[in-house]
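**Q** Structure file target_2.cif (mmCIF, C-alpha atoms and all ligand atoms) is given on the next line.
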data_data
#
loop_
_atom_site.group_PDB
_atom_site.id
_atom_site.type_symbol
_atom_site.label_atom_id
_atom_site.label_comp_id
_atom_site.auth_asym_id
_atom_site.auth_seq_id
_atom_site.Cartn_x
_atom_site.Cartn_y
_atom_site.Cartn_z
ATOM 1 C CA MET A 123 -77.420 19.449 -29.676
ATOM 2 C CA THR A 124 -78.688 21.096 -32.886
ATOM 3 C CA VAL A 125 -80.640 18.773 -35.188
ATOM 4 C CA PRO A 126 -82.131 20.345 -38.312
ATOM 5 C CA ALA A 127 -85.664 18.906 -38.496
ATOM 6 C CA ASP A 128 -85.644 18.532 -42.276
ATOM 7 C CA LEU A 129 -82.820 15.984 -42.597
ATOM 8 C CA PRO A 130 -84.082 12.770 -44.214
ATOM 9 C CA PRO A 131 -83.212 9.401 -42.666
ATOM 10 C CA LEU A 132 -79.811 8.076 -43.771
ATOM 11 C CA ARG A 133 -81.294 4.963 -45.397
ATOM 12 C CA GLU A 134 -83.380 7.211 -47.616
ATOM 13 C CA VAL A 135 -80.292 9.275 -48.525
ATOM 14 C CA ILE A 136 -78.416 6.085 -49.451
ATOM 15 C CA ALA A 137 -81.317 4.839 -51.609
ATOM 16 C CA ARG A 138 -82.000 8.194 -53.305
ATOM 17 C CA HIS A 139 -78.329 8.732 -54.265
ATOM 18 C CA GLY A 140 -77.636 5.098 -55.155
ATOM 19 C CA LEU A 141 -74.904 4.719 -52.542
ATOM 20 C CA GLY A 142 -74.690 0.926 -52.515
ATOM 21 C CA ALA A 143 -71.565 0.060 -50.489
ATOM 22 C CA ARG A 144 -68.379 -0.575 -52.495
ATOM 23 C CA LYS A 145 -65.971 -3.081 -51.014
ATOM 24 C CA ALA A 146 -62.947 -1.609 -52.801
ATOM 25 C CA LEU A 147 -63.519 1.633 -50.876
ATOM 26 C CA GLY A 148 -63.904 -0.159 -47.528
ATOM 27 C CA GLN A 149 -67.492 1.043 -47.279
ATOM 28 C CA HIS A 150 -69.374 -0.112 -44.176
ATOM 29 C CA PHE A 151 -71.845 2.588 -43.209
ATOM 30 C CA LEU A 152 -72.794 3.328 -39.630
ATOM 31 C CA LEU A 153 -76.449 4.334 -39.539
ATOM 32 C CA ASP A 154 -77.149 3.984 -35.798
ATOM 33 C CA LEU A 155 -77.537 7.518 -34.413
ATOM 34 C CA ASN A 156 -76.644 6.432 -30.882
ATOM 35 C CA LEU A 157 -73.293 5.124 -32.085
ATOM 36 C CA THR A 158 -72.434 8.016 -34.398
ATOM 37 C CA GLY A 159 -73.356 10.385 -31.534
ATOM 38 C CA ARG A 160 -71.124 8.440 -29.165
ATOM 39 C CA ILE A 161 -68.135 8.709 -31.519
ATOM 40 C CA ALA A 162 -68.728 12.435 -32.033
ATOM 41 C CA ARG A 163 -68.902 12.994 -28.255
ATOM 42 C CA ALA A 164 -65.635 11.081 -27.811
ATOM 43 C CA ALA A 165 -63.796 13.647 -29.947
ATOM 44 C CA PRO A 166 -62.470 16.317 -27.556
ATOM 45 C CA GLY A 167 -63.260 20.024 -28.029
ATOM 46 C CA ILE A 168 -64.974 19.889 -31.422
ATOM 47 C CA GLY A 169 -66.467 23.328 -30.818
ATOM 48 C CA GLU A 170 -63.085 24.861 -31.664
ATOM 49 C CA GLY A 171 -60.894 24.742 -34.768
ATOM 50 C CA SER A 172 -61.441 22.131 -37.460
ATOM 51 C CA VAL A 173 -62.647 18.554 -37.432
ATOM 52 C CA ILE A 174 -61.341 16.684 -40.449
ATOM 53 C CA GLU A 175 -63.519 13.693 -41.197
ATOM 54 C CA VAL A 176 -62.023 11.128 -43.543
ATOM 55 C CA GLY A 177 -64.555 9.163 -45.574
ATOM 56 C CA PRO A 178 -67.915 10.698 -44.642
ATOM 57 C CA GLY A 179 -69.771 8.446 -47.120
ATOM 58 C CA PRO A 180 -73.488 9.271 -46.894
ATOM 59 C CA GLY A 181 -72.748 11.505 -43.882
ATOM 60 C CA GLY A 182 -73.894 9.605 -40.781
ATOM 61 C CA LEU A 183 -70.925 10.495 -38.577
ATOM 62 C CA THR A 184 -70.762 13.925 -40.239
ATOM 63 C CA ARG A 185 -74.306 14.658 -39.070
ATOM 64 C CA ALA A 186 -73.431 13.585 -35.568
ATOM 65 C CA LEU A 187 -70.344 15.830 -35.465
ATOM 66 C CA LEU A 188 -72.402 18.811 -36.619
ATOM 67 C CA ALA A 189 -75.267 18.023 -34.257
ATOM 68 C CA GLU A 190 -72.817 17.707 -31.358
ATOM 69 C CA GLY A 191 -71.545 21.223 -32.048
ATOM 70 C CA ALA A 192 -68.495 20.915 -34.335
ATOM 71 C CA ALA A 193 -67.585 24.458 -35.349
ATOM 72 C CA ARG A 194 -66.217 23.410 -38.722
ATOM 73 C CA VAL A 195 -66.092 20.003 -40.362
ATOM 74 C CA ILE A 196 -63.914 19.365 -43.396
ATOM 75 C CA ALA A 197 -65.017 16.062 -44.897
ATOM 76 C CA VAL A 198 -62.626 14.328 -47.316
ATOM 77 C CA GLU A 199 -64.325 11.735 -49.520
ATOM 78 C CA LYS A 200 -62.899 9.781 -52.453
ATOM 79 C CA ASP A 201 -66.253 8.453 -53.722
ATOM 80 C CA SER A 202 -67.807 11.130 -55.938
ATOM 81 C CA ARG A 203 -71.211 9.366 -55.672
ATOM 82 C CA CYS A 204 -71.474 10.743 -52.094
ATOM 83 C CA LEU A 205 -70.946 14.411 -52.982
ATOM 84 C CA GLU A 206 -74.585 15.345 -53.657
ATOM 85 C CA ALA A 207 -75.772 13.858 -50.388
ATOM 86 C CA LEU A 208 -72.991 15.692 -48.552
ATOM 87 C CA ALA A 209 -73.889 18.967 -50.322
ATOM 88 C CA GLU A 210 -77.427 18.613 -48.923
ATOM 89 C CA LEU A 211 -75.981 18.205 -45.456
ATOM 90 C CA ALA A 212 -73.738 21.252 -45.953
ATOM 91 C CA ALA A 213 -76.825 23.272 -46.903
ATOM 92 C CA ALA A 214 -78.576 22.179 -43.687
ATOM 93 C CA TYR A 215 -75.614 23.468 -41.609
ATOM 94 C CA PRO A 216 -74.605 26.698 -43.425
ATOM 95 C CA GLY A 217 -70.911 27.581 -43.176
ATOM 96 C CA ARG A 218 -70.022 24.578 -40.995
ATOM 97 C CA LEU A 219 -69.357 21.768 -43.472
ATOM 98 C CA GLU A 220 -66.831 21.842 -46.295
ATOM 99 C CA VAL A 221 -66.642 18.796 -48.533
ATOM 100 C CA VAL A 222 -63.338 17.983 -50.238
ATOM 101 C CA GLU A 223 -63.390 15.366 -52.982
ATOM 102 C CA GLY A 224 -60.045 13.617 -52.802
ATOM 103 C CA ASP A 225 -57.869 10.736 -51.695
ATOM 104 C CA ALA A 226 -56.854 10.981 -48.040
ATOM 105 C CA LEU A 227 -53.744 8.945 -48.888
ATOM 106 C CA GLU A 228 -52.552 11.835 -51.046
ATOM 107 C CA LEU A 229 -53.847 14.947 -49.306
ATOM 108 C CA ASP A 230 -51.893 16.743 -46.593
ATOM 109 C CA LEU A 231 -54.517 16.882 -43.825
ATOM 110 C CA GLY A 232 -52.153 18.995 -41.720
ATOM 111 C CA ALA A 233 -52.697 21.815 -44.200
ATOM 112 C CA LEU A 234 -56.516 21.706 -44.156
ATOM 113 C CA GLY A 235 -58.605 24.133 -42.100
ATOM 114 C CA ALA A 236 -57.688 26.228 -39.082
ATOM 115 C CA ALA A 237 -55.898 24.886 -35.991
ATOM 116 C CA PRO A 238 -56.536 23.226 -33.623
ATOM 117 C CA ARG A 239 -57.152 20.478 -36.131
ATOM 118 C CA GLN A 240 -58.369 16.999 -35.232
ATOM 119 C CA ILE A 241 -59.224 13.929 -37.264
ATOM 120 C CA VAL A 242 -62.358 11.878 -36.666
ATOM 121 C CA SER A 243 -63.109 8.890 -38.865
ATOM 122 C CA ASN A 244 -64.763 5.565 -39.288
ATOM 123 C CA LEU A 245 -61.755 4.516 -41.342
ATOM 124 C CA PRO A 246 -61.856 2.439 -44.522
ATOM 125 C CA TYR A 247 -60.174 -0.661 -43.075
ATOM 126 C CA ASN A 248 -58.234 -1.590 -46.198
ATOM 127 C CA ILE A 249 -56.086 1.559 -45.828
ATOM 128 C CA SER A 250 -56.420 2.330 -42.104
ATOM 129 C CA THR A 251 -52.792 1.611 -41.161
ATOM 130 C CA ALA A 252 -51.458 3.424 -44.244
ATOM 131 C CA LEU A 253 -53.521 6.475 -43.263
ATOM 132 C CA LEU A 254 -52.403 6.333 -39.637
ATOM 133 C CA VAL A 255 -48.722 6.047 -40.621
ATOM 134 C CA ARG A 256 -49.215 9.026 -42.940
ATOM 135 C CA TRP A 257 -50.661 11.127 -40.091
ATOM 136 C CA LEU A 258 -47.923 9.981 -37.708
ATOM 137 C CA THR A 259 -45.385 11.143 -40.301
ATOM 138 C CA THR A 260 -47.060 14.567 -40.298
ATOM 139 C CA LEU A 261 -46.916 14.603 -36.475
ATOM 140 C CA ALA A 262 -43.225 13.629 -36.471
ATOM 141 C CA GLY A 263 -42.571 16.863 -38.395
ATOM 142 C CA ASP A 264 -45.007 18.971 -36.346
ATOM 143 C CA PRO A 265 -46.425 17.593 -33.073
ATOM 144 C CA ARG A 266 -49.113 20.290 -33.170
ATOM 145 C CA ALA A 267 -50.399 19.358 -36.630
ATOM 146 C CA PHE A 268 -53.323 17.478 -35.041
ATOM 147 C CA SER A 269 -54.692 18.017 -31.538
ATOM 148 C CA ALA A 270 -56.464 14.626 -31.454
ATOM 149 C CA MET A 271 -57.465 11.670 -33.596
ATOM 150 C CA THR A 272 -60.614 9.715 -32.790
ATOM 151 C CA LEU A 273 -60.549 6.769 -35.165
ATOM 152 C CA MET A 274 -62.390 3.526 -35.700
ATOM 153 C CA PHE A 275 -60.216 0.573 -36.657
ATOM 154 C CA GLN A 276 -60.851 -3.108 -36.895
ATOM 155 C CA LYS A 277 -60.298 -4.391 -33.361
ATOM 156 C CA GLU A 278 -57.216 -6.376 -34.309
ATOM 157 C CA VAL A 279 -55.471 -3.210 -35.587
ATOM 158 C CA ALA A 280 -56.581 -1.225 -32.508
ATOM 159 C CA GLU A 281 -54.938 -3.870 -30.333
ATOM 160 C CA ARG A 282 -51.676 -3.442 -32.214
ATOM 161 C CA LEU A 283 -51.699 0.339 -31.658
ATOM 162 C CA ILE A 284 -52.055 0.083 -27.895
ATOM 163 C CA ALA A 285 -50.015 -3.096 -27.282
ATOM 164 C CA ALA A 286 -47.321 -3.076 -24.587
ATOM 165 C CA PRO A 287 -43.863 -4.711 -24.888
ATOM 166 C CA ARG A 288 -43.794 -8.499 -24.417
ATOM 167 C CA SER A 289 -47.308 -8.892 -25.778
ATOM 168 C CA ARG A 290 -48.286 -10.728 -28.941
ATOM 169 C CA ASP A 291 -49.629 -7.599 -30.666
ATOM 170 C CA TYR A 292 -46.626 -5.364 -29.908
ATOM 171 C CA GLY A 293 -44.950 -4.381 -33.151
ATOM 172 C CA ARG A 294 -43.873 -1.606 -35.473
ATOM 173 C CA LEU A 295 -47.254 0.145 -35.364
ATOM 174 C CA SER A 296 -47.279 0.109 -31.521
ATOM 175 C CA VAL A 297 -43.818 1.695 -31.390
ATOM 176 C CA LEU A 298 -44.504 4.400 -33.986
ATOM 177 C CA THR A 299 -47.904 5.300 -32.494
ATOM 178 C CA GLN A 300 -46.799 5.336 -28.863
ATOM 179 C CA TRP A 301 -43.602 7.244 -29.680
ATOM 180 C CA LEU A 302 -45.699 10.207 -30.838
ATOM 181 C CA CYS A 303 -49.085 9.748 -29.178
ATOM 182 C CA GLN A 304 -51.030 8.366 -26.248
ATOM 183 C CA ALA A 305 -53.509 5.832 -27.568
ATOM 184 C CA ARG A 306 -56.354 4.207 -25.668
ATOM 185 C CA PRO A 307 -59.339 2.133 -26.755
ATOM 186 C CA LEU A 308 -62.730 3.712 -26.063
ATOM 187 C CA PHE A 309 -65.389 1.155 -27.045
ATOM 188 C CA ASP A 310 -66.117 -1.695 -29.447
ATOM 189 C CA ILE A 311 -68.780 -1.739 -32.139
ATOM 190 C CA PRO A 312 -70.165 -5.091 -33.320
ATOM 191 C CA PRO A 313 -70.388 -6.000 -37.039
ATOM 192 C CA ARG A 314 -74.225 -5.877 -37.003
ATOM 193 C CA ALA A 315 -74.160 -2.108 -36.395
ATOM 194 C CA PHE A 316 -72.861 -1.515 -39.931
ATOM 195 C CA THR A 317 -74.479 -1.674 -43.363
ATOM 196 C CA PRO A 318 -73.207 -3.983 -44.781
ATOM 197 C CA PRO A 319 -71.709 -5.701 -41.711
ATOM 198 C CA PRO A 320 -67.934 -6.297 -41.847
ATOM 199 C CA LYS A 321 -66.552 -9.692 -40.778
ATOM 200 C CA VAL A 322 -64.842 -8.280 -37.694
ATOM 201 C CA THR A 323 -65.533 -6.224 -34.571
ATOM 202 C CA SER A 324 -64.447 -2.576 -34.641
ATOM 203 C CA THR A 325 -62.872 -0.453 -31.916
ATOM 204 C CA VAL A 326 -62.932 3.332 -31.535
ATOM 205 C CA VAL A 327 -59.526 4.559 -30.374
ATOM 206 C CA SER A 328 -58.539 7.906 -28.879
ATOM 207 C CA ILE A 329 -55.089 8.954 -30.107
ATOM 208 C CA ILE A 330 -53.754 12.139 -28.520
ATOM 209 C CA PRO A 331 -50.470 13.482 -29.913
ATOM 210 C CA ARG A 332 -47.765 14.095 -27.293
ATOM 211 C CA GLU A 333 -46.330 17.618 -27.026
ATOM 212 C CA GLN A 334 -42.904 16.037 -27.607
ATOM 213 C CA PRO A 335 -42.091 12.551 -28.862
ATOM 214 C CA LEU A 336 -41.368 10.080 -26.044
ATOM 215 C CA ALA A 337 -37.626 10.203 -26.921
ATOM 216 C CA PRO A 338 -35.581 11.867 -29.667
ATOM 217 C CA ALA A 339 -35.264 9.827 -32.895
ATOM 218 C CA SER A 340 -35.629 10.205 -36.634
ATOM 219 C CA LEU A 341 -38.861 8.723 -37.931
ATOM 220 C CA THR A 342 -37.173 7.265 -41.007
ATOM 221 C CA THR A 343 -34.573 5.433 -38.926
ATOM 222 C CA LEU A 344 -37.118 4.322 -36.345
ATOM 223 C CA GLU A 345 -39.193 2.856 -39.174
ATOM 224 C CA LYS A 346 -36.140 1.013 -40.551
ATOM 225 C CA VAL A 347 -35.108 -0.334 -37.138
ATOM 226 C CA THR A 348 -38.606 -1.502 -36.196
ATOM 227 C CA ALA A 349 -39.142 -3.041 -39.652
ATOM 228 C CA ALA A 350 -35.863 -5.010 -39.336
ATOM 229 C CA ALA A 351 -36.451 -6.020 -35.712
ATOM 230 C CA PHE A 352 -40.115 -7.071 -36.020
ATOM 231 C CA GLY A 353 -39.625 -8.442 -39.561
ATOM 232 C CA GLN A 354 -37.813 -11.328 -37.873
ATOM 233 C CA ARG A 355 -39.402 -11.079 -34.448
ATOM 234 C CA ARG A 356 -38.367 -14.555 -33.319
ATOM 235 C CA LYS A 357 -34.683 -13.857 -33.948
ATOM 236 C CA MET A 358 -32.334 -12.191 -31.496
ATOM 237 C CA LEU A 359 -31.631 -8.547 -32.280
ATOM 238 C CA ARG A 360 -27.916 -9.119 -32.982
ATOM 239 C CA GLN A 361 -29.150 -11.195 -35.937
ATOM 240 C CA SER A 362 -32.317 -9.382 -37.036
ATOM 241 C CA LEU A 363 -30.607 -5.960 -37.155
ATOM 242 C CA LYS A 364 -27.857 -7.188 -39.518
ATOM 243 C CA SER A 365 -29.872 -6.047 -42.539
ATOM 244 C CA LEU A 366 -29.308 -2.443 -41.378
ATOM 245 C CA GLY A 367 -25.572 -2.745 -42.107
ATOM 246 C CA GLY A 368 -23.273 -0.404 -40.176
ATOM 247 C CA LYS A 369 -19.521 0.097 -40.137
ATOM 248 C CA SER A 370 -17.324 -3.014 -39.969
ATOM 249 C CA GLU A 371 -16.389 -2.255 -36.348
ATOM 250 C CA GLY A 372 -19.956 -1.115 -35.594
ATOM 251 C CA GLY A 373 -23.234 -2.703 -36.585
ATOM 252 C CA PRO A 374 -25.733 -4.523 -34.368
ATOM 253 C CA ALA A 375 -23.281 -5.685 -31.705
ATOM 254 C CA ALA A 376 -21.951 -2.149 -31.159
ATOM 255 C CA TRP A 377 -25.426 -0.563 -31.238
ATOM 256 C CA LEU A 378 -26.752 -3.027 -28.687
ATOM 257 C CA GLU A 379 -23.755 -2.565 -26.425
ATOM 258 C CA ALA A 380 -23.994 1.242 -26.615
ATOM 259 C CA THR A 381 -27.678 1.188 -25.678
ATOM 260 C CA GLY A 382 -27.291 -1.415 -22.936
ATOM 261 C CA ILE A 383 -29.659 -3.840 -24.691
ATOM 262 C CA ALA A 384 -28.777 -7.539 -24.435
ATOM 263 C CA PRO A 385 -27.650 -8.859 -27.852
ATOM 264 C CA THR A 386 -29.831 -11.896 -27.210
ATOM 265 C CA ALA A 387 -32.984 -9.756 -26.688
ATOM 266 C CA ARG A 388 -35.830 -10.033 -29.177
ATOM 267 C CA ALA A 389 -37.798 -7.125 -30.673
ATOM 268 C CA GLU A 390 -40.867 -7.590 -28.500
ATOM 269 C CA GLU A 391 -38.837 -7.110 -25.289
ATOM 270 C CA LEU A 392 -37.762 -3.546 -26.170
ATOM 271 C CA SER A 393 -39.538 -0.435 -24.941
ATOM 272 C CA VAL A 394 -40.337 2.456 -27.276
ATOM 273 C CA GLU A 395 -37.430 4.370 -25.685
ATOM 274 C CA ASP A 396 -35.079 1.415 -26.403
ATOM 275 C CA PHE A 397 -36.043 1.561 -30.074
ATOM 276 C CA CYS A 398 -35.401 5.329 -30.121
ATOM 277 C CA ALA A 399 -31.965 4.825 -28.542
ATOM 278 C CA LEU A 400 -31.154 2.128 -31.111
ATOM 279 C CA ALA A 401 -32.301 4.395 -33.956
ATOM 280 C CA ALA A 402 -30.006 7.158 -32.670
ATOM 281 C CA CYS A 403 -27.054 4.690 -32.656
ATOM 282 C CA VAL A 404 -27.862 3.507 -36.169
ATOM 283 C CA ASP A 405 -27.843 7.143 -37.334
ATOM 284 C CA ARG A 406 -24.394 7.615 -35.779
ATOM 285 C CA GLY A 407 -23.229 4.594 -37.830
HETATM 286 N N1 LIG W 501 -68.277 7.780 -42.334
HETATM 287 C C1 LIG W 501 -69.198 6.841 -42.926
HETATM 288 C C2 LIG W 501 -69.910 6.077 -41.838
HETATM 289 O O1 LIG W 501 -69.413 6.091 -40.701
HETATM 290 O O2 LIG W 501 -70.939 5.474 -42.130
HETATM 291 C C3 LIG W 501 -68.498 5.888 -43.913
HETATM 292 C C4 LIG W 501 -67.366 5.071 -43.337
HETATM 293 S S1 LIG W 501 -66.755 3.827 -44.440
HETATM 294 C C5 LIG W 501 -66.086 2.669 -43.290
HETATM 295 C C6 LIG W 501 -65.260 4.514 -45.121
HETATM 296 C C7 LIG W 501 -65.420 5.716 -46.038
HETATM 297 O O3 LIG W 501 -64.126 6.122 -46.505
HETATM 298 C C8 LIG W 501 -66.262 5.483 -47.291
HETATM 299 O O4 LIG W 501 -67.169 6.545 -47.458
HETATM 300 C C9 LIG W 501 -65.230 5.490 -48.432
HETATM 301 O O5 LIG W 501 -65.756 5.920 -49.664
HETATM 302 C C10 LIG W 501 -64.194 6.438 -47.904
HETATM 303 N N2 LIG W 501 -62.850 6.255 -48.461
HETATM 304 C C11 LIG W 501 -62.254 5.094 -48.855
HETATM 305 N N3 LIG W 501 -61.008 5.328 -49.280
HETATM 306 C C12 LIG W 501 -60.793 6.673 -49.162
HETATM 307 C C13 LIG W 501 -59.683 7.525 -49.452
HETATM 308 N N4 LIG W 501 -58.538 7.044 -49.935
HETATM 309 N N5 LIG W 501 -59.809 8.862 -49.196
HETATM 310 C C14 LIG W 501 -60.974 9.360 -48.700
HETATM 311 N N6 LIG W 501 -62.055 8.591 -48.407
HETATM 312 C C15 LIG W 501 -61.969 7.273 -48.648
#
Would it be possible to restate this file's structure as structure tokens?
Ligand code: SAM
**A**
Amino acid sequence: MTVPADLPPLREVIARHGLGARKALGQHFLLDLNLTGRIARAAPGIGEGSVIEVGPGPGGLTRALLAEGAARVIAVEKDSRCLEALAELAAAYPGRLEVVEGDALELDLGALGAAPRQIVSNLPYNISTALLVRWLTTLAGDPRAFSAMTLMFQKEVAERLIAAPRSRDYGRLSVLTQWLCQARPLFDIPPRAFTPPPKVTSTVVSIIPREQPLAPASLTTLEKVTAAAFGQRRKMLRQSLKSLGGKSEGGPAAWLEATGIAPTARAEELSVEDFCALAACVDRG
């Protein structure tokens, strides 16, 4: 581990740069060095390629990534108040930290830095699922765009990502994530570890992109099918899929018959592969 001796404590950095947390930006800072170190160590192979950190804030996790040996960190931050503090950190680790001021919901992270490229982030919770869906969309086009994603979500969202069929949390996000990636929870972090504390427990999740999606499907159609099916999750699929239309002789009944799925089944009973097969049928019309 390489720790530059002259780095001031994070609380001092926050006070000196006036970085009072802003709720609209989902700011809950993690100042506990044991925890930031643990997240950085959970990210595989950071000594190679690029680590893209979304929302570095005052730079707690950024420091940990650099101290744990990240070859190159590209930190994307929307809050311009944090830039000076991050510039100080970049100066302490010459050539290893690039700070990009921008909105991660608009930037193409797959085009930043050299491959292999991984994302590590204590995500702003208000946009965590939007960001994940954005990165899954990038992966659907290029499974090698990211080699890994080590992300902190609110626990309730983490449970949705990893949920298995027939469980309460299984839904659209489970299907899309597991279609393209292997996701597993690593550890929880209690609210008191953050400044200011959020209302909920957080979970760090390891999300490793698959070399190939679990089954062939178009992302757009898979999104439509899962939205229709889980949008009315208590209804049988022959009913909930009606909104997707289809030819007069086709439609839900024909799709379900062609895929061998019972017309009386409900969304939560289908595997990821079942959803892919349904999406392929919908595309055929
Ligand atoms: N990484 C820091 C830590 O662990 O203490 C801060 C994490 S805080 C939960 C989320 C960070 O994401 C904040 O710094 C916030 O300003 C930033 N953020 C919020 N929305 C963003 C966006 N659309 N693009 C980039 N960063 C954003």
**Q** Give me, as a VMD selection string, all polymer residues having an atom no more than 12 Å from region 129-131 of chain A, counting only C-alpha atoms and skipping those fewer than 2 positions away in the same chain.
**A** chain A and resid 124 to 127 133 to 138 153 to 155 180 to 182 185 to 186 189 207 to 208 210 to 215
**Q** Out of A:Pro265, A:Ala315, A:Glu206, A:Ala193, which residue has the shortest atom-to-atom distance to ligand LIG 501 (chain W) when counting all atoms listed in the file?
**A**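 The shortest atom-to-atom distance to ligand LIG 501 (chain W) comes from A:Ala315.
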**Q** Enumerate, as a list in words, the residues matched when the PyMOL selection byres (((not hetatm)) within 7 of (chain W and resi 501)) is run on the file above.
**A**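 Against this file, the PyMOL selection byres (((not hetatm)) within 7 of (chain W and resi 501)) returns the residues Leu147, Gly148, Gln149, His150, Phe151, Leu152, Leu153, Val176, Gly177, Pro178, Gly179, Pro180, Gly181, Gly182, Leu183, Thr184, Val198, Glu199, Lys200, Asp201, Gly224, Asp225, Ala226, Leu227, Ser243, Asn244, Leu245, Pro246 and Tyr247 of chain A.
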**Q** What do you get, as a ChimeraX atom specification, if you spell out every residue that the PyMOL selection byres (((chain A and resi 274) around 8) and not hetatm) selects here?
**A** /A:243-245,272-273,275-276,324-327
**Q** Looking at A:Thr323, A:Ala389, A:Pro313, A:Arg332, which one is nearest to Ala350 (chain A), with distances taken over all atoms listed in the file?
**A**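 The closest residue to Ala350 (chain A) is A:Ala389.
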**Q** Within 6 Å of (-40.5, -4.5, -32.3) in the file's own coordinates, which protein, DNA or RNA residues have an atom, counting only C-alpha atoms? List them as a PyMOL selection string.
**A** chain A and resi 293-294+348+351-352+389-390
**Q** For this structure, which residues satisfy the selection - the PyMOL selection byres (((chain A and resi 194) around 7) and not hetatm) - when it is evaluated on the file as given? I want them as a PyMOL selection string.
**A** chain A and resi 171-173+192-193+195-196+218-219
**Q** Can you pull out the residues contacting Asp230 (chain A)? Cut-off 9 Å, using all atoms listed in the file, and skip same-chain residues under 5 positions away; I want them as a list in words.
**A**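 So the residues in contact are Arg256, Trp257 and Thr260 of chain A.
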**Q** May I ask which of the residues A:Ile284, A:Asn248, A:Ser202, A:Arg266 is the closest one to Gly232 (chain A), counting only C-alpha atoms?
**A**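 Comparing A:Ile284, A:Asn248, A:Ser202, A:Arg266 against Gly232 (chain A), the winner is A:Arg266.
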**Q** Pick from A:Leu258, A:Ala399, A:Ile168, A:Leu392: nearest to Ala380 (chain A), with only C-alpha atoms counted?
**A**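 Once distances to Ala380 (chain A) are computed over only C-alpha atoms, the minimum belongs to A:Ala399.
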**Q** Could you state the separation of CA of Val322 (chain A) and CA of Val222 (chain A) in Å, given to one decimal place?
**A**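 The value is 29.1 Å.
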**Q** Tell me, in Å to one decimal, how far CA of Ala267 (chain A) is from CA of Pro238 (chain A).
**A**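 One can read the CA of Ala267 (chain A) to CA of Pro238 (chain A) distance as 7.9 Å.
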**Q** Could you jot down the CA of Asp264 (chain A) to CA of Leu341 (chain A) separation for me, Å, one decimal place?
**A**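 Those two atoms sit 12.1 Å apart.
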**Q** Give as a list in words every residue, naming chains and numbers as the document does, that has an atom within 12 Å of (-41.7, 12.5, -26.5), counting only C-alpha atoms.
**A**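 Those residues lying close to the given coordinates are Leu261, Ala262, Pro265, Leu298, Thr299, Gln300, Trp301, Leu302, Cys303, Gln304, Pro331, Arg332, Glu333, Gln334, Pro335, Leu336, Ala337, Pro338, Ala339, Val394, Glu395 and Cys398 of chain A.
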**Q** When you count only C-alpha atoms, which of these residues is closest to Leu254 (chain A): A:Ile174, A:Leu295, A:Leu229, A:Ile311?
**A**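 The answer is A:Leu295, which sits nearest to Leu254 (chain A).
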**Q** Nearest residue to Ala164 (chain A) out of A:Pro318, A:Pro307, A:Gly373, A:Gly217, using all atoms listed in the file?
**A** A:Pro307
